[in-house]
Every structure is written in structure tokens, then in C-alpha cells.
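Please read the structure below before turning to the comments.
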Amino acid sequence: MRFLPLVLIAAVLPCRAENVTFATAIGPVLEHNCTKCHGPTKQKAGLRLDTHAAAILGSKEGAVVNPGDPEGSELIRRVTLPPGDEDLMPSGDQPPLSPQDVVALKAWVAAGAPATEAFEPVYADRNTPLPPAAPDYRPRLGQAIALARSLGVALVPRSRVPTDGLILRTAGAPSQCDDTVLSRLAPVSDLIVEAELARTRVTDQGMAVVASWTNLERLDLTRTRVSSDGVAQLSSLRRLETLNLTQTQVDSRGLALAAKFRSVRHLWGFMGP
Ligand code: HEC
């Protein structure tokens, strides 16, 4: 019986979390001190602090970061309260932030809380071999390239590793890519790990198709007509790590949905002031 709590903890830890960290100033501070309670597994007060968009989105009470205004930001207030104050974060018996960390957080908010590379996760140990991203592309590479070309888009290997998957590129002629093109890619869709759909004509209907691209890790929907209804369909993508929703029709509801996708580590969607 004594072992039970330990077993439960092991079962709820997300399997990817341990080899993922934020790269530089802000991400690591939040990750080391806050994401245990405000991250993928727990969202105390409805707040996640493990991606830029989630931090900007705030808690169930609303924004906790007021870009440009550290004094008017709940996040800063919570980490600068006197010791012993019951509102002080991190809460519980965790040690308070170091003065350097507080200065860094204030400076970040004062600078407009930018989505800098400070929020980019990196794999802590680059020598750890990554699991295959997709089935071996070699038997179907010729077919995939020809199919893409006939549709006015491109499929290119992400690396020389044949299980690293293919990237869907549309930048040559984004206006040629629409929902129909997405459905026609079905025979090779399990090989697609990145889809660059910025400025294409894809819509929410197309997102129903993309939702079946099970190995998709990165999806760029910048400047498309996709809305929050389209985002809702993407919840089935278990490997989606990066989702760019900049200048789409996605509103705060869609952003909140995406921020809850468990695999998503980078979410871009702050519409700007
Ligand atoms: C041990 C768990 C735990 C840790 C660690 C933790 N928090 Fe919290 N946090 C909570 C709980 C529980 C609440 C809700 C109760 C409250 O408002 O005090 C909360 C509330 C908040 C709120 C208020 C949200 C709102 O709008 O009411 C902010 C902001 C916040 N936390 C920031 C942080 C930051 C920043 C860190 C890291 C420096 C952090 N928390 C670490 C548990 C934690």
C-alpha cells in the first residue's frame, strides 16, 4: 500500500516531459518553478505557463500578463509578494524565485512579453535517439513526390533518415492549395510530419482532413481562413508539437482549446495589440 502514491505519480507523468526544456531566459524559470502546477498535467486556476500563447492567454480569471506593464501583471504580483503571503507563487512549500529570476520576468513583461526563442523548447539531450517520426518513406517517395507535383504542392524529405517523414510545402504557389488538395494527399498522408499551409486557401473543412494525418508534428496555418471550429478538429493529433495560428480567424476560444492539446509545445496565435 505504501507504494501506491509513487505508482500513481509515475502513471500521470507525460512521457515526453522529462527530455524537453525551454531554451533560454523565461521558459526555464517558468518550467522549473511553475509548470508542475501550471503545465500539461495540472492547470491550477486554469493557467498554463509552458507555452508563450498559454501564458498570454492567462487563467480562468483572465490575463495574468499585461505586455509592457509588469506592475499591472498578476503573474509579476504573484512572484513579488512578501514571504508568507498566501498568494505568493510558487505556492506550497516550494522556494521562492531568485531575485535574478524576478528581474528577468519583469524585464520580459516590460519588453512586451515577446514570443522570443526564450519559449522554444529544445531536447535536453541531443544524443538520445528520437523514435521514428513516420513509416519508412523509401518505398513511396517517388509516388509521394509525383502526387504532390500533380497537385501543385511539394513533398520533401525532412532529413536523410528515412523514418523522419516528409514536409508538405506550398510556398511556391500557396493559392493552389485548398481543401481538395489536402484530401487528395490521403495515400501518403501518414508520411507527412510538417505541413506548411500559410497563406493557402484551406478552411475548417480541410482541418477535418488534416485531423487524420496521425504523424503530423508541425502545422503552420498563418493567414488562412481557419477558425476555432477548425482547431477543435485537430485535437485528435497526438504528435502535434507546433501549431501556428497567427492571423487566422481563430479567436481566444480556439487558442484556449489548442493550449490544452497535450502534445503542443509551441503555440503561436497572439494576434498582436
Ligand atoms: C504547487 C503548485 C503551484 C506552483 C508550483 C505554482 N502555482 Fe501558481 N497557482 C497555484 C494554485 C493552486 C493557484 C490558484 C489559487 C490562487 O489563486 O492562489 C495558482 C494561481 C496562480 C496565479 C493566479 C491566476 C489567477 O488569475 O487567479 C498566477 C498568476 C500563478 N499561479 C502564477 C504562478 C507562477 C508564475 C508560478 C511559478 C513561479 C506558479 N504559479 C507556481 C499553484 C501553484
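Chain identifiers are assigned as A, B, and so on, following the order in which chains appear in the C-alpha cells; residues are numbered from 1 within each chain, and ligands are numbered from 1 in order of appearance.
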
Applying 7 Å and only C-alpha atoms, which residues near stretch 134-140 of chain A remain after dropping the ones on its own chain fewer than 3 positions away? List them as a tab-separated table (two decimals) with N, CA, C and O atoms, in the first residue's frame.
chain	number	residue	atom	x	y	z
A	143	GLN	N	6.22	8.03	-55.50
A	143	GLN	CA	4.77	8.24	-55.61
A	143	GLN	C	4.37	9.57	-54.93
A	143	GLN	O	3.60	10.36	-55.48
A	144	ALA	N	4.94	9.80	-53.74
A	144	ALA	CA	4.58	11.00	-52.97
A	144	ALA	C	4.98	12.26	-53.73
A	144	ALA	O	4.20	13.21	-53.85
A	162	PRO	N	15.23	7.89	-43.24
A	162	PRO	CA	14.01	7.57	-43.97
A	162	PRO	C	12.75	7.50	-43.10
A	162	PRO	O	11.65	7.50	-43.63
A	163	THR	N	12.93	7.47	-41.78
A	163	THR	CA	11.75	7.46	-40.91
A	163	THR	C	11.51	8.84	-40.30
A	163	THR	O	10.79	8.97	-39.31
A	164	ASP	N	12.09	9.86	-40.89
A	164	ASP	CA	11.92	11.22	-40.38
A	164	ASP	C	10.73	11.94	-41.01
A	164	ASP	O	10.39	13.05	-40.63
A	165	GLY	N	10.12	11.29	-42.00
A	165	GLY	CA	8.90	11.86	-42.58
A	165	GLY	C	9.13	12.91	-43.64
A	165	GLY	O	10.28	13.25	-43.97
A	190	ASP	N	0.25	9.58	-44.11
A	190	ASP	CA	0.92	9.09	-42.90
A	190	ASP	C	2.42	9.43	-42.91
A	190	ASP	O	3.09	9.31	-41.88
A	191	LEU	N	2.94	9.87	-44.05
A	191	LEU	CA	4.36	10.24	-44.11
A	191	LEU	C	4.58	11.72	-43.78
A	191	LEU	O	5.71	12.15	-43.58
A	215	ASN	N	0.78	11.45	-38.02
A	215	ASN	CA	2.16	11.70	-37.63
A	215	ASN	C	2.56	13.17	-37.71
A	215	ASN	O	3.74	13.51	-37.58

Counting only C-alpha atoms and all ligand atoms, which residues of chain A sit at most 6 Å from some atom of ligand 1, and what is each one's closest atom pair with its distance in Å to one decimal, listed by chain and rising residue number, as a tab-separated table?
residue	atom	partner	partner_atom_place_in_ligand_line	distance
A:Leu30	CA	ligand 1	37 (C)	5.5
A:Asn33	CA	ligand 1	37 (C)	4.5
A:Cys34	CA	ligand 1	37 (C)	3.4
A:Lys36	CA	ligand 1	5 (C)	5.6
A:Cys37	CA	ligand 1	2 (C)	4.4
A:Lys44	CA	ligand 1	11 (C)	4.8
A:Ala45	CA	ligand 1	14 (C)	4.6
A:Ser59	CA	ligand 1	26 (O)	4.7
A:Glu61	CA	ligand 1	26 (O)	4.6
A:Gly62	CA	ligand 1	26 (O)	5.9
A:Val64	CA	ligand 1	29 (C)	5.3
A:Glu74	CA	ligand 1	29 (C)	5.1
A:Leu75	CA	ligand 1	29 (C)	3.9
A:Arg78	CA	ligand 1	29 (C)	5.8
A:Asp87	CA	ligand 1	18 (O)	4.8
A:Met89	CA	ligand 1	39 (C)	4.6
A:Pro90	CA	ligand 1	41 (C)	3.5
A:Ser91	CA	ligand 1	3 (C)	4.7
A:Gly92	CA	ligand 1	1 (C)	5.0

### Task
Name the residues of stretch 138-221 of chain A that fall into strand (DSSP E) according to DSSP on the backbone, using the chain letters and numbers of this document, as an NGL selection string.
:A and (154-157 or 166-169 or 192-196 or 218-220)

### Query
stretch 197-210 of chain A: which residues within 7 Å, counting only C-alpha atoms, same-chain residues fewer than 6 positions away excluded, as a count of residues only?
20

### Message
List as a ChimeraX atom specification the protein and nucleic acid residues near A:Glu241, meaning an atom at most 7 Å away when only C-alpha atoms are counted, but skip any in the same chain fewer than 6 places from it.
### Response
/A:217-218,263-266

With only C-alpha atoms as the counted atoms, please give the residues lying no more than 8 Å from A:Leu47, apart from itself and same-chain residues fewer than 2 positions off, as an mmCIF file with N, CA, C and O atoms, in the first residue's frame.
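Just written: selection_11.cif:
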data_model
loop_
_atom_site.group_PDB
_atom_site.id
_atom_site.type_symbol
_atom_site.label_atom_id
_atom_site.label_comp_id
_atom_site.auth_asym_id
_atom_site.auth_seq_id
_atom_site.Cartn_x
_atom_site.Cartn_y
_atom_site.Cartn_z
ATOM 1 N N HIS A 38 1.134 24.457 -13.336
ATOM 2 C CA HIS A 38 0.547 25.209 -14.455
ATOM 3 C C HIS A 38 1.151 24.692 -15.754
ATOM 4 O O HIS A 38 1.876 25.405 -16.442
ATOM 5 N N GLY A 39 0.933 23.423 -16.063
ATOM 6 C CA GLY A 39 1.545 22.851 -17.263
ATOM 7 C C GLY A 39 0.653 21.798 -17.881
ATOM 8 O O GLY A 39 -0.562 21.815 -17.689
ATOM 9 N N GLN A 43 -3.440 22.227 -14.355
ATOM 10 C CA GLN A 43 -3.632 23.645 -14.717
ATOM 11 C C GLN A 43 -4.340 24.347 -13.563
ATOM 12 O O GLN A 43 -5.524 24.651 -13.652
ATOM 13 N N LYS A 44 -3.615 24.579 -12.469
ATOM 14 C CA LYS A 44 -4.220 25.274 -11.330
ATOM 15 C C LYS A 44 -4.719 26.645 -11.778
ATOM 16 O O LYS A 44 -4.027 27.333 -12.541
ATOM 17 N N ALA A 45 -5.891 27.024 -11.337
ATOM 18 C CA ALA A 45 -6.548 28.275 -11.738
ATOM 19 C C ALA A 45 -6.760 28.343 -13.254
ATOM 20 O O ALA A 45 -6.957 29.418 -13.811
ATOM 21 N N LEU A 49 1.650 27.658 -18.095
ATOM 22 C CA LEU A 49 2.773 28.562 -18.323
ATOM 23 C C LEU A 49 3.878 27.866 -19.121
ATOM 24 O O LEU A 49 5.026 28.269 -19.078
ATOM 25 N N ALA A 54 -0.089 30.169 -24.189
ATOM 26 C CA ALA A 54 -0.852 29.830 -22.988
ATOM 27 C C ALA A 54 -0.617 30.874 -21.901
ATOM 28 O O ALA A 54 -1.553 31.287 -21.213
ATOM 29 N N ALA A 55 0.632 31.316 -21.761
ATOM 30 C CA ALA A 55 0.938 32.331 -20.747
ATOM 31 C C ALA A 55 0.205 33.631 -21.060
ATOM 32 O O ALA A 55 -0.323 34.293 -20.169
ATOM 33 N N GLY A 58 -3.613 33.379 -20.285
ATOM 34 C CA GLY A 58 -3.935 33.600 -18.883
ATOM 35 C C GLY A 58 -4.732 32.488 -18.236
ATOM 36 O O GLY A 58 -4.793 31.377 -18.746
ATOM 37 N N SER A 59 -5.353 32.822 -17.115
ATOM 38 C CA SER A 59 -6.058 31.831 -16.304
ATOM 39 C C SER A 59 -7.550 31.925 -16.572
ATOM 40 O O SER A 59 -7.994 32.711 -17.410
ATOM 41 N N LYS A 60 -8.325 31.165 -15.797
ATOM 42 C CA LYS A 60 -9.778 31.267 -15.963
ATOM 43 C C LYS A 60 -10.291 32.638 -15.516
ATOM 44 O O LYS A 60 -11.405 33.026 -15.878
#

### Message
Going by DSSP on the backbone, which residues of stretch 59-248 of chain A come out as alpha helix (DSSP H)? List them as an MDAnalysis selection string.
### Response
chainID A and resid 74:79 99:110 141:150 179:184 204:210 228:233

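Computed from the coordinates, the atom CA of A:Pro83 to atom CA of A:Gln100 distance equals 16.5 Å.
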
### Task
Would you mind reading off the distance between atom CA of A:Val153 and atom CA of A:Asn244, one decimal, in Å?
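Interatomic distance here is 19.5 Å.
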
Can you tell me which residues surround A:Thr214 at a distance of at most 10 Å, considering only C-alpha atoms, apart from same-chain residues fewer than 5 positions away, and format the answer as a PDB file with C-alpha atoms, in the first residue's frame?
ATOM      1  CA  ALA A 134       6.778   8.194 -39.626  1.00  0.00           C
ATOM      2  CA  SER A 189      -0.617  11.401 -45.523  1.00  0.00           C
ATOM      3  CA  ASP A 190       0.925   9.092 -42.900  1.00  0.00           C
ATOM      4  CA  LEU A 191       4.356  10.241 -44.114  1.00  0.00           C
ATOM      5  CA  ILE A 192       3.640  13.946 -43.573  1.00  0.00           C
ATOM      6  CA  VAL A 193       5.233  15.293 -40.381  1.00  0.00           C
ATOM      7  CA  SER A 236      -7.020  14.014 -32.436  1.00  0.00           C
ATOM      8  CA  LEU A 237      -3.420  14.747 -33.498  1.00  0.00           C
ATOM      9  CA  ARG A 238      -1.388  13.085 -30.755  1.00  0.00           C
ATOM     10  CA  ARG A 239       2.023  14.218 -32.031  1.00  0.00           C
ATOM     11  CA  LEU A 240       1.311  17.824 -32.876  1.00  0.00           C
TER      12      LEU A 240
END

#### Entry: A:Trp268 surroundings by only C-alpha atoms, 7 Å radius, close-in-sequence under 5 positions cut, as a ChimeraX atom specification
/A:53,243-246

Selection above as a file: C-alpha atoms, as a PDB file, in the first residue's frame:
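Below is the file that was written, out_37.pdb:
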ATOM      1  CA  ALA A  53       0.452  31.552 -26.120  1.00  0.00           C
ATOM      2  CA  LEU A 243       0.855  24.990 -34.193  1.00  0.00           C
ATOM      3  CA  ASN A 244       0.935  28.410 -35.800  1.00  0.00           C
ATOM      4  CA  LEU A 245      -2.404  30.221 -35.825  1.00  0.00           C
ATOM      5  CA  THR A 246      -1.117  33.731 -36.457  1.00  0.00           C
TER       6      THR A 246
END

### Task
Would you work out the distance separating atom CA of A:Val188 from atom CA of A:Gly269, expressed in Å to one decimal?
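Atom-to-atom, atom CA of A:Val188 and atom CA of A:Gly269 are spaced 28.6 Å apart.
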
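Counting only C-alpha atoms and comparing A:Asp93, A:Ala232, A:Ala186, A:Val102, the residue that lies closest to A:Val250 is A:Ala232.
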
### Task
May I ask which of the residues A:Ser228, A:Ser159, A:Ser212, A:Thr80 is the closest one to A:Asp101, counting only C-alpha atoms?
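With only C-alpha atoms as the atom set, the closest residue is A:Thr80.
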
### Task
Considering only C-alpha atoms, state which residue in the set A:Ser73, A:Thr180, A:Thr51, A:Gln94 is at the smallest distance from A:Thr242.
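Once distances to A:Thr242 are computed over only C-alpha atoms, the minimum belongs to A:Thr51.
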